[in-house]
$ cat final-v6.tsv   # TSV, C-alpha atoms
chain	number	residue	atom	x	y	z
O	1	MET	CA	114.48	0.82	54.57
O	2	PRO	CA	112.77	3.75	55.95
O	3	LEU	CA	110.61	2.76	58.87
O	4	VAL	CA	107.92	5.41	59.08
O	5	ARG	CA	105.78	6.04	62.14
O	6	ILE	CA	102.76	8.22	61.47
O	7	ASP	CA	100.78	9.57	64.41
O	8	ILE	CA	97.36	11.03	63.65
O	9	PRO	CA	94.22	12.03	65.49
O	10	HIS	CA	91.60	9.41	66.14
O	11	GLY	CA	88.49	9.23	64.00
O	12	LYS	CA	89.82	9.83	60.53
O	13	PRO	CA	88.25	7.72	57.78
O	14	ASP	CA	90.32	5.06	56.07
O	15	PRO	CA	90.78	7.05	52.83
O	16	TRP	CA	92.23	9.96	54.83
O	17	ILE	CA	94.67	7.63	56.55
O	18	ARG	CA	95.59	5.93	53.31
O	19	ALA	CA	96.19	9.29	51.63
O	20	VAL	CA	98.60	10.32	54.38
O	21	ALA	CA	100.51	7.04	54.24
O	22	ASP	CA	100.61	7.08	50.44
O	23	GLY	CA	101.68	10.72	50.32
O	24	VAL	CA	104.53	10.22	52.73
O	25	HIS	CA	105.77	7.21	50.83
O	26	ALA	CA	105.49	8.93	47.45
O	27	ALA	CA	107.58	11.80	48.84
O	28	LEU	CA	110.26	9.40	50.03
O	29	VAL	CA	110.40	7.77	46.61
O	30	ALA	CA	110.39	11.04	44.68
O	31	THR	CA	112.95	12.90	46.77
O	32	GLY	CA	114.58	10.62	49.33
O	33	THR	CA	116.32	8.00	47.17
O	34	VAL	CA	113.95	5.33	48.48
O	35	PRO	CA	112.85	2.46	46.18
O	36	GLU	CA	109.12	2.23	45.49
O	37	ALA	CA	108.90	-1.23	47.07
O	38	ASP	CA	110.80	-0.18	50.21
O	39	ARG	CA	107.69	0.69	52.19
O	40	PHE	CA	107.23	0.01	55.88
O	41	GLN	CA	104.82	2.23	57.81
O	42	VAL	CA	103.08	2.16	61.15
O	43	VAL	CA	100.04	4.38	61.65
O	44	ASN	CA	98.84	5.14	65.16
O	45	GLU	CA	95.58	6.93	65.90
O	46	HIS	CA	95.28	8.89	69.11
O	47	ALA	CA	92.36	9.93	71.28
O	48	PRO	CA	92.15	13.56	72.36
O	49	GLY	CA	94.94	14.55	74.73
O	50	ARG	CA	97.25	11.76	73.60
O	51	LEU	CA	98.78	13.52	70.58
O	52	ILE	CA	100.03	16.80	71.97
O	53	ALA	CA	101.47	19.59	69.85
O	54	ASP	CA	102.08	23.16	70.78
O	55	PRO	CA	99.59	25.19	68.74
O	56	ALA	CA	102.05	27.92	67.73
O	57	PHE	CA	105.70	26.86	67.97
O	58	GLN	CA	107.77	28.26	65.08
O	59	GLY	CA	104.92	30.50	64.04
O	60	PHE	CA	102.42	27.88	62.90
O	61	ALA	CA	98.74	27.51	63.75
O	62	ARG	CA	98.35	23.84	64.54
O	63	GLY	CA	94.88	22.41	64.75
O	64	PRO	CA	93.07	19.13	65.37
O	65	ASP	CA	94.53	17.50	62.25
O	66	PHE	CA	98.10	17.73	63.49
O	67	THR	CA	100.02	14.83	61.98
O	68	LEU	CA	103.45	13.64	63.03
O	69	VAL	CA	105.70	11.75	60.62
O	70	GLN	CA	108.76	10.13	62.14
O	71	ILE	CA	111.16	8.49	59.72
O	72	PHE	CA	113.95	6.09	60.68
O	73	TRP	CA	116.44	5.47	57.89
O	74	SER	CA	120.12	5.08	57.15
O	75	ALA	CA	122.46	8.04	57.30
O	76	GLY	CA	123.88	9.47	54.10
O	77	ARG	CA	121.18	11.76	52.77
O	78	THR	CA	122.35	15.34	52.28
O	79	ASN	CA	120.69	18.38	53.80
O	80	ASP	CA	119.29	19.18	50.38
O	81	ILE	CA	117.68	15.77	50.10
O	82	LYS	CA	116.14	16.18	53.56
O	83	ARG	CA	114.79	19.61	52.68
O	84	GLY	CA	113.36	18.27	49.45
O	85	LEU	CA	111.69	15.47	51.36
O	86	TYR	CA	110.03	17.84	53.84
O	87	ALA	CA	108.70	19.96	51.00
O	88	ALA	CA	107.38	16.93	49.13
O	89	ILE	CA	105.62	15.51	52.19
O	90	ALA	CA	103.91	18.83	52.90
O	91	ARG	CA	102.96	19.21	49.24
O	92	ASN	CA	101.59	15.69	48.93
O	93	LEU	CA	99.58	15.81	52.14
O	94	GLY	CA	98.30	19.24	51.16
O	95	ALA	CA	96.97	17.80	47.91
O	96	ASP	CA	95.45	14.74	49.58
O	97	PRO	CA	93.95	14.50	52.19
O	98	GLY	CA	94.20	18.29	52.25
O	99	LEU	CA	96.35	18.80	55.32
O	100	ARG	CA	97.50	22.33	55.94
O	101	GLY	CA	101.28	22.79	56.10
O	102	ASP	CA	100.83	24.01	59.66
O	103	ASP	CA	99.72	20.53	60.67
O	104	VAL	CA	102.56	18.49	59.18
O	105	MET	CA	105.61	17.80	61.33
O	106	VAL	CA	108.46	15.56	60.20
O	107	ALA	CA	111.32	14.19	62.29
O	108	LEU	CA	114.18	12.03	61.02
O	109	THR	CA	116.40	9.62	62.93
O	110	GLU	CA	119.39	8.02	61.27
O	111	SER	CA	120.97	4.62	61.64
O	112	THR	CA	123.42	2.69	59.44
O	113	ARG	CA	122.92	0.10	56.72
O	114	VAL	CA	123.83	-2.85	58.89
O	115	ASP	CA	121.00	-1.87	61.23
O	116	TRP	CA	118.33	-3.36	58.98
O	117	SER	CA	117.02	-6.87	58.43
O	118	PHE	CA	114.09	-7.14	56.05
O	119	GLY	CA	113.45	-10.79	56.66
O	120	ALA	CA	114.89	-14.26	57.17
O	121	GLY	CA	117.28	-13.05	59.85
O	122	ILE	CA	119.69	-11.54	57.35
O	123	ALA	CA	121.26	-8.05	57.19
O	124	GLN	CA	120.46	-7.61	53.51
O	125	TYR	CA	122.51	-4.44	53.03
O	126	VAL	CA	125.64	-5.69	54.81
O	127	PRO	CA	125.43	-9.50	54.72
O	128	GLU	CA	129.11	-9.92	55.58
O	129	GLY	CA	132.29	-8.14	56.68
F	1	MET	CA	118.97	-1.18	77.96
F	2	PRO	CA	117.46	-2.18	74.80
F	3	LEU	CA	114.09	-0.56	74.40
F	4	VAL	CA	112.17	-2.79	72.02
F	5	ARG	CA	109.07	-1.74	70.11
F	6	ILE	CA	107.18	-4.62	68.57
F	7	ASP	CA	104.41	-3.88	66.08
F	8	ILE	CA	102.06	-6.73	65.23
F	9	PRO	CA	98.69	-7.25	63.58
F	10	HIS	CA	95.59	-6.93	65.70
F	11	GLY	CA	93.77	-10.02	66.93
F	12	LYS	CA	96.61	-12.28	67.95
F	13	PRO	CA	96.03	-14.30	71.13
F	14	ASP	CA	98.05	-13.53	74.23
F	15	PRO	CA	100.29	-16.61	73.92
F	16	TRP	CA	101.26	-15.57	70.39
F	17	ILE	CA	102.16	-12.10	71.60
F	18	ARG	CA	104.06	-13.45	74.55
F	19	ALA	CA	106.01	-15.83	72.34
F	20	VAL	CA	107.09	-12.98	70.10
F	21	ALA	CA	108.17	-10.81	73.01
F	22	ASP	CA	109.95	-13.71	74.72
F	23	GLY	CA	111.67	-14.79	71.52
F	24	VAL	CA	112.99	-11.33	70.77
F	25	HIS	CA	114.32	-10.95	74.28
F	26	ALA	CA	115.91	-14.40	74.30
F	27	ALA	CA	117.69	-13.52	71.07
F	28	LEU	CA	119.02	-10.28	72.58
F	29	VAL	CA	120.34	-12.18	75.59
F	30	ALA	CA	121.85	-15.04	73.58
F	31	THR	CA	123.52	-12.95	70.89
F	32	GLY	CA	123.35	-9.25	71.70
F	33	THR	CA	125.30	-8.98	74.96
F	34	VAL	CA	122.11	-8.01	76.80
F	35	PRO	CA	121.59	-9.12	80.42
F	36	GLU	CA	118.58	-11.36	81.04
F	37	ALA	CA	117.01	-8.83	83.40
F	38	ASP	CA	117.49	-5.93	80.99
F	39	ARG	CA	114.08	-6.26	79.39
F	40	PHE	CA	111.90	-3.36	78.30
F	41	GLN	CA	109.38	-3.96	75.53
F	42	VAL	CA	106.38	-2.20	74.10
F	43	VAL	CA	103.95	-4.20	71.99
F	44	ASN	CA	101.50	-2.40	69.73
F	45	GLU	CA	98.66	-4.15	67.91
F	46	HIS	CA	97.39	-2.64	64.69
F	47	ALA	CA	94.10	-2.82	62.86
F	48	PRO	CA	94.15	-3.59	59.12
F	49	GLY	CA	95.76	-0.84	57.09
F	50	ARG	CA	97.73	0.58	60.02
F	51	LEU	CA	100.74	-1.73	59.81
F	52	ILE	CA	101.87	-1.41	56.22
F	53	ALA	CA	104.64	-3.51	54.68
F	54	ASP	CA	105.47	-3.99	51.05
F	55	PRO	CA	104.60	-7.60	50.26
F	56	ALA	CA	107.74	-8.33	48.24
F	57	PHE	CA	110.63	-5.93	48.98
F	58	GLN	CA	113.99	-7.73	48.99
F	59	GLY	CA	112.39	-10.84	47.57
F	60	PHE	CA	110.20	-11.84	50.48
F	61	ALA	CA	106.53	-12.83	50.52
F	62	ARG	CA	105.11	-10.87	53.43
F	63	GLY	CA	101.69	-11.80	54.71
F	64	PRO	CA	99.17	-10.84	57.38
F	65	ASP	CA	101.50	-11.87	60.22
F	66	PHE	CA	104.13	-9.27	59.34
F	67	THR	CA	105.88	-8.31	62.56
F	68	LEU	CA	108.17	-5.34	63.03
F	69	VAL	CA	110.83	-5.33	65.75
F	70	GLN	CA	112.51	-1.99	66.41
F	71	ILE	CA	115.36	-2.02	68.91
F	72	PHE	CA	116.88	1.06	70.51
F	73	TRP	CA	120.16	0.37	72.28
F	74	SER	CA	123.63	1.75	72.86
F	75	ALA	CA	126.22	1.77	70.09
F	76	GLY	CA	129.14	-0.58	70.26
F	77	ARG	CA	127.84	-3.88	68.90
F	78	THR	CA	129.80	-5.17	65.91
F	79	ASN	CA	128.30	-6.05	62.56
F	80	ASP	CA	128.72	-9.71	63.47
F	81	ILE	CA	126.76	-9.28	66.66
F	82	LYS	CA	123.98	-7.54	64.77
F	83	ARG	CA	123.86	-10.30	62.15
F	84	GLY	CA	123.76	-12.92	64.87
F	85	LEU	CA	120.91	-11.08	66.53
F	86	TYR	CA	118.83	-10.97	63.34
F	87	ALA	CA	119.35	-14.68	62.80
F	88	ALA	CA	118.42	-15.51	66.38
F	89	ILE	CA	115.26	-13.42	66.28
F	90	ALA	CA	114.11	-15.07	63.06
F	91	ARG	CA	114.97	-18.52	64.42
F	92	ASN	CA	113.21	-17.97	67.74
F	93	LEU	CA	110.06	-16.51	66.22
F	94	GLY	CA	110.06	-19.29	63.66
F	95	ALA	CA	110.03	-21.85	66.47
F	96	ASP	CA	107.35	-20.03	68.47
F	97	PRO	CA	104.83	-18.65	67.51
F	98	GLY	CA	105.80	-20.06	64.13
F	99	LEU	CA	106.42	-16.86	62.20
F	100	ARG	CA	107.87	-17.29	58.73
F	101	GLY	CA	111.19	-15.51	58.17
F	102	ASP	CA	109.48	-13.50	55.45
F	103	ASP	CA	107.35	-11.83	58.10
F	104	VAL	CA	110.08	-10.75	60.54
F	105	MET	CA	111.65	-7.33	60.07
F	106	VAL	CA	114.20	-5.88	62.49
F	107	ALA	CA	115.49	-2.33	62.67
F	108	LEU	CA	118.13	-1.02	65.08
F	109	THR	CA	118.74	2.53	66.29
F	110	GLU	CA	121.77	3.35	68.38
F	111	SER	CA	122.30	5.83	71.17
F	112	THR	CA	125.03	6.12	73.83
F	113	ARG	CA	125.27	4.86	77.39
F	114	VAL	CA	124.51	8.20	79.00
F	115	ASP	CA	121.20	8.22	77.12
F	116	TRP	CA	119.57	5.79	79.55
F	117	SER	CA	117.96	6.20	82.96
F	118	PHE	CA	116.39	3.04	84.38
F	119	GLY	CA	114.83	4.74	87.37
F	120	ALA	CA	115.18	7.26	90.18
F	121	GLY	CA	116.32	9.98	87.80
F	122	ILE	CA	119.85	8.61	87.54
F	123	ALA	CA	121.97	7.80	84.47
F	124	GLN	CA	122.99	4.38	85.79
F	125	TYR	CA	125.63	3.69	83.14
F	126	VAL	CA	127.33	7.09	83.35
F	127	PRO	CA	126.44	8.50	86.75
F	128	GLU	CA	129.17	11.13	86.63
F	129	GLY	CA	131.84	12.72	84.43
I	1	MET	CA	112.19	19.86	68.88
I	2	PRO	CA	112.07	17.10	71.25
I	3	LEU	CA	109.61	14.47	70.11
I	4	VAL	CA	108.54	12.64	73.24
I	5	ARG	CA	106.88	9.24	73.27
I	6	ILE	CA	105.32	8.32	76.59
I	7	ASP	CA	104.16	4.75	77.15
I	8	ILE	CA	101.91	4.14	80.15
I	9	PRO	CA	99.58	1.45	81.46
I	10	HIS	CA	96.00	1.45	80.29
I	11	GLY	CA	93.26	2.79	82.51
I	12	LYS	CA	94.83	5.90	83.98
I	13	PRO	CA	92.51	8.89	84.33
I	14	ASP	CA	93.07	11.92	82.16
I	15	PRO	CA	94.54	14.05	84.98
I	16	TRP	CA	97.16	11.38	85.65
I	17	ILE	CA	98.09	11.31	82.00
I	18	ARG	CA	98.18	15.06	81.77
I	19	ALA	CA	100.40	15.29	84.85
I	20	VAL	CA	102.91	12.90	83.31
I	21	ALA	CA	103.00	14.76	80.01
I	22	ASP	CA	103.22	18.14	81.76
I	23	GLY	CA	105.91	16.97	84.14
I	24	VAL	CA	108.10	15.60	81.38
I	25	HIS	CA	107.78	18.78	79.39
I	26	ALA	CA	108.47	21.00	82.39
I	27	ALA	CA	111.64	19.01	83.04
I	28	LEU	CA	112.78	19.48	79.44
I	29	VAL	CA	112.22	23.23	79.70
I	30	ALA	CA	113.85	23.58	83.11
I	31	THR	CA	116.92	21.47	82.45
I	32	GLY	CA	117.16	20.47	78.79
I	33	THR	CA	117.48	23.82	76.99
I	34	VAL	CA	114.07	23.29	75.39
I	35	PRO	CA	111.79	26.29	74.72
I	36	GLU	CA	108.44	26.25	76.52
I	37	ALA	CA	106.54	26.25	73.22
I	38	ASP	CA	108.60	23.42	71.74
I	39	ARG	CA	106.25	20.68	72.87
I	40	PHE	CA	105.40	17.57	70.86
I	41	GLN	CA	104.32	14.48	72.75
I	42	VAL	CA	102.67	11.18	71.93
I	43	VAL	CA	101.07	9.21	74.75
I	44	ASN	CA	100.30	5.53	74.26
I	45	GLU	CA	98.29	3.48	76.73
I	46	HIS	CA	98.88	-0.25	76.89
I	47	ALA	CA	96.77	-3.19	77.99
I	48	PRO	CA	98.32	-5.71	80.38
I	49	GLY	CA	101.17	-7.64	78.83
I	50	ARG	CA	101.88	-5.02	76.18
I	51	LEU	CA	104.14	-2.75	78.24
I	52	ILE	CA	106.79	-5.11	79.56
I	53	ALA	CA	109.46	-4.08	82.06
I	54	ASP	CA	111.71	-6.28	84.12
I	55	PRO	CA	110.58	-5.82	87.73
I	56	ALA	CA	114.05	-5.55	89.21
I	57	PHE	CA	116.74	-4.58	86.65
I	58	GLN	CA	119.32	-2.19	88.14
I	59	GLY	CA	117.91	-2.78	91.62
I	60	PHE	CA	114.51	-1.17	91.22
I	61	ALA	CA	111.08	-2.50	92.18
I	62	ARG	CA	108.95	-1.77	89.15
I	63	GLY	CA	105.20	-2.05	89.50
I	64	PRO	CA	102.02	-1.61	87.49
I	65	ASP	CA	102.60	2.13	87.03
I	66	PHE	CA	105.80	1.65	85.04
I	67	THR	CA	106.11	4.58	82.66
I	68	LEU	CA	108.50	4.83	79.75
I	69	VAL	CA	109.62	8.20	78.41
I	70	GLN	CA	111.48	8.14	75.10
I	71	ILE	CA	112.85	11.46	73.89
I	72	PHE	CA	114.09	12.15	70.37
I	73	TRP	CA	116.07	15.38	70.08
I	74	SER	CA	119.10	16.96	68.49
I	75	ALA	CA	122.58	16.05	69.66
I	76	GLY	CA	124.60	18.59	71.61
I	77	ARG	CA	123.40	18.27	75.19
I	78	THR	CA	126.17	17.46	77.65
I	79	ASN	CA	126.15	14.51	80.01
I	80	ASP	CA	125.40	16.94	82.83
I	81	ILE	CA	122.35	18.27	81.03
I	82	LYS	CA	121.10	14.74	80.45
I	83	ARG	CA	121.60	13.80	84.09
I	84	GLY	CA	119.80	16.95	85.17
I	85	LEU	CA	116.94	16.08	82.87
I	86	TYR	CA	116.55	12.57	84.28
I	87	ALA	CA	116.50	13.93	87.81
I	88	ALA	CA	113.94	16.59	86.93
I	89	ILE	CA	111.63	14.11	85.20
I	90	ALA	CA	111.72	11.76	88.19
I	91	ARG	CA	111.19	14.66	90.59
I	92	ASN	CA	108.29	16.12	88.62
I	93	LEU	CA	106.50	12.83	88.14
I	94	GLY	CA	107.07	12.01	91.79
I	95	ALA	CA	105.31	15.22	92.76
I	96	ASP	CA	102.45	14.71	90.30
I	97	PRO	CA	100.93	12.18	89.59
I	98	GLY	CA	102.98	10.61	92.38
I	99	LEU	CA	105.01	8.11	90.41
I	100	ARG	CA	107.73	6.32	92.33
I	101	GLY	CA	111.25	6.76	90.93
I	102	ASP	CA	111.34	2.99	90.43
I	103	ASP	CA	108.65	3.32	87.79
I	104	VAL	CA	110.18	6.06	85.64
I	105	MET	CA	112.45	5.05	82.77
I	106	VAL	CA	113.89	7.56	80.31
I	107	ALA	CA	115.68	6.84	77.02
I	108	LEU	CA	117.17	9.44	74.68
I	109	THR	CA	117.87	9.19	70.96
I	110	GLU	CA	119.76	11.93	69.18
I	111	SER	CA	119.50	13.33	65.69
I	112	THR	CA	120.76	16.57	64.13
I	113	ARG	CA	119.15	19.95	63.61
I	114	VAL	CA	118.44	19.43	59.93
I	115	ASP	CA	116.39	16.38	60.86
I	116	TRP	CA	113.39	18.47	61.94
I	117	SER	CA	110.57	20.13	60.06
I	118	PHE	CA	107.94	21.77	62.25
I	119	GLY	CA	105.59	22.62	59.43
I	120	ALA	CA	105.16	23.90	55.88
I	121	GLY	CA	107.76	21.49	54.53
I	122	ILE	CA	110.68	23.58	55.78
I	123	ALA	CA	113.73	22.58	57.84
I	124	GLN	CA	113.36	25.49	60.22
I	125	TYR	CA	116.69	25.03	61.99
I	126	VAL	CA	118.78	24.60	58.84
I	127	PRO	CA	116.76	26.20	56.04
I	128	GLU	CA	119.73	26.34	53.69
I	129	GLY	CA	123.36	25.28	53.19

$ encode --input "final-v6.tsv" --output "structure tokens"
Amino acid sequence: MPLVRIDIPHGKPDPWIRAVADGVHAALVATGTVPEADRFQVVNEHAPGRLIADPAFQGFARGPDFTLVQIFWSAGRTNDIKRGLYAAIARNLGADPGLRGDDVMVALTESTRVDWSFGAGIAQYVPEG
Amino acid sequence: MPLVRIDIPHGKPDPWIRAVADGVHAALVATGTVPEADRFQVVNEHAPGRLIADPAFQGFARGPDFTLVQIFWSAGRTNDIKRGLYAAIARNLGADPGLRGDDVMVALTESTRVDWSFGAGIAQYVPEG
Amino acid sequence: MPLVRIDIPHGKPDPWIRAVADGVHAALVATGTVPEADRFQVVNEHAPGRLIADPAFQGFARGPDFTLVQIFWSAGRTNDIKRGLYAAIARNLGADPGLRGDDVMVALTESTRVDWSFGAGIAQYVPEG
């Protein structure tokens, strides 16, 4: 049920994009209690000046590869799970496509389990009551 | 006040896109306690590989028409209202443009009534207090 | 930590876009208890029919410059802070690029402080506990 929005700079080759999407999903599965098949991602590529990140906030040195990962999912994950997820995303994207940790931002937004319908007009997680 | 983000595959004709947007809004009005004039929607079209959905999660058979509907609105709707909304969206999009239920995903995210300004820099629903 | 998504019509010149992004951020700094360097914004431009706003809801006269500002940030701001933010955004965008108040919509969505990682796979605001 995570819905993941990934915002990246324009002009990256398909394998780069695929590596980012795969790495984020693998992190969710490995650390975020997300099933392997529960994958829904939207990748948006942005021309210069449309994906804006302060180059230094919190002591980082952000560059042209800045990548934003926004994850919508149900509440209930502990702080430890969230911290493990951030670490896994940074580690995975560092391995492939080779993103520096400075360029990986993650933001979470929580909803509840009745807030999801995966198809057929049904609330699969809370079908009644 | 719903803010609706609709993510669809690239290459659909304008009437298809309009039918999706209209059908989602009609469902919100019919089942979600949303006024007819309270319509704010953002449609994003995605090239192949940028709108990623598992083909089978929860038993569905998702195809190239996979359409994601993300709705931001104020908390307060019951589970029954949410279930009625999902059913109405799937029904409407099934009728026009003919989307299969397998290809319609809906995700809700809630905020509160003071979180909305419809214009002029005013919080119309909670202007004071 | 705000993550700001700005949806605008297609075809605006870069200075117009920059003025909107700058004006929103300046409002967050001036009224929303956001540090100057805490700037993360995504601007999306939309072809006709993809950014849909009712022309009259809540008594406004929306036109082709309709601009949607969606802000994700941590909970904790008071109603007064939110109202001050809406007013500042409308005022700033009215001054430059000259947007009418009728064309400025703002929506907030709240998360918590552990929901943010600004880099290196760390939850900077809640690194432990």

$ closest_residue --input "final-v6.tsv" --among "I:Asp96, I:Asp80, I:Asp22, I:Asp65" --to "chain F" --atoms "only C-alpha atoms"
I:Asp80

$ closest_residue --input "final-v6.tsv" --among "F:Ala61, F:Val29, F:Ala95, F:Ile8" --to "F:Glu45" --atoms "all atoms listed in the file"
F:Ile8

$ atom_distance --input "final-v6.tsv" --atom1 "atom CA of O:Ala21" --atom2 "atom CA of O:Asn92"
10.2 Å

$ atom_distance --input "final-v6.tsv" --atom1 "atom CA of O:Gly76" --atom2 "atom CA of F:Gly76"
19.7 Å

$ interface_residues --input "final-v6.tsv" --of "chain O" --to "chain F" --cutoff "12 Å" --atoms "all atoms listed in the file" --output "ChimeraX atom specification"
/O:1-8,13-22,25,34-45,71-75,108-129

$ write_last_selection --input "final-v6.tsv" --atoms "C-alpha atoms" --output "short mmCIF file (atom, residue, chain, number, x, y, z; two decimals), keeping the file's coordinate frame"
data_model
loop_
_atom_site.label_atom_id
_atom_site.label_comp_id
_atom_site.auth_asym_id
_atom_site.auth_seq_id
_atom_site.Cartn_x
_atom_site.Cartn_y
_atom_site.Cartn_z
CA MET O 1 114.48 0.82 54.57
CA PRO O 2 112.77 3.75 55.95
CA LEU O 3 110.61 2.76 58.87
CA VAL O 4 107.92 5.41 59.08
CA ARG O 5 105.78 6.04 62.14
CA ILE O 6 102.76 8.22 61.47
CA ASP O 7 100.78 9.57 64.41
CA ILE O 8 97.36 11.03 63.65
CA PRO O 13 88.25 7.72 57.78
CA ASP O 14 90.32 5.06 56.07
CA PRO O 15 90.78 7.05 52.83
CA TRP O 16 92.23 9.96 54.83
CA ILE O 17 94.67 7.63 56.55
CA ARG O 18 95.59 5.93 53.31
CA ALA O 19 96.19 9.29 51.63
CA VAL O 20 98.60 10.32 54.38
CA ALA O 21 100.51 7.04 54.24
CA ASP O 22 100.61 7.08 50.44
CA HIS O 25 105.77 7.21 50.83
CA VAL O 34 113.95 5.33 48.48
CA PRO O 35 112.85 2.46 46.18
CA GLU O 36 109.12 2.23 45.49
CA ALA O 37 108.90 -1.23 47.07
CA ASP O 38 110.80 -0.18 50.21
CA ARG O 39 107.69 0.69 52.19
CA PHE O 40 107.23 0.01 55.88
CA GLN O 41 104.82 2.23 57.81
CA VAL O 42 103.08 2.16 61.15
CA VAL O 43 100.04 4.38 61.65
CA ASN O 44 98.84 5.14 65.16
CA GLU O 45 95.58 6.93 65.90
CA ILE O 71 111.16 8.49 59.72
CA PHE O 72 113.95 6.09 60.68
CA TRP O 73 116.44 5.47 57.89
CA SER O 74 120.12 5.08 57.15
CA ALA O 75 122.46 8.04 57.30
CA LEU O 108 114.18 12.03 61.02
CA THR O 109 116.40 9.62 62.93
CA GLU O 110 119.39 8.02 61.27
CA SER O 111 120.97 4.62 61.64
CA THR O 112 123.42 2.69 59.44
CA ARG O 113 122.92 0.10 56.72
CA VAL O 114 123.83 -2.85 58.89
CA ASP O 115 121.00 -1.87 61.23
CA TRP O 116 118.33 -3.36 58.98
CA SER O 117 117.02 -6.87 58.43
CA PHE O 118 114.09 -7.14 56.05
CA GLY O 119 113.45 -10.79 56.66
CA ALA O 120 114.89 -14.26 57.17
CA GLY O 121 117.28 -13.05 59.85
CA ILE O 122 119.69 -11.54 57.35
CA ALA O 123 121.26 -8.05 57.19
CA GLN O 124 120.46 -7.61 53.51
CA TYR O 125 122.51 -4.44 53.03
CA VAL O 126 125.64 -5.69 54.81
CA PRO O 127 125.43 -9.50 54.72
CA GLU O 128 129.11 -9.92 55.58
CA GLY O 129 132.29 -8.14 56.68
#

$ atom_distance --input "final-v6.tsv" --atom1 "atom CA of I:Ala26" --atom2 "atom CA of I:Gly11"
23.7 Å
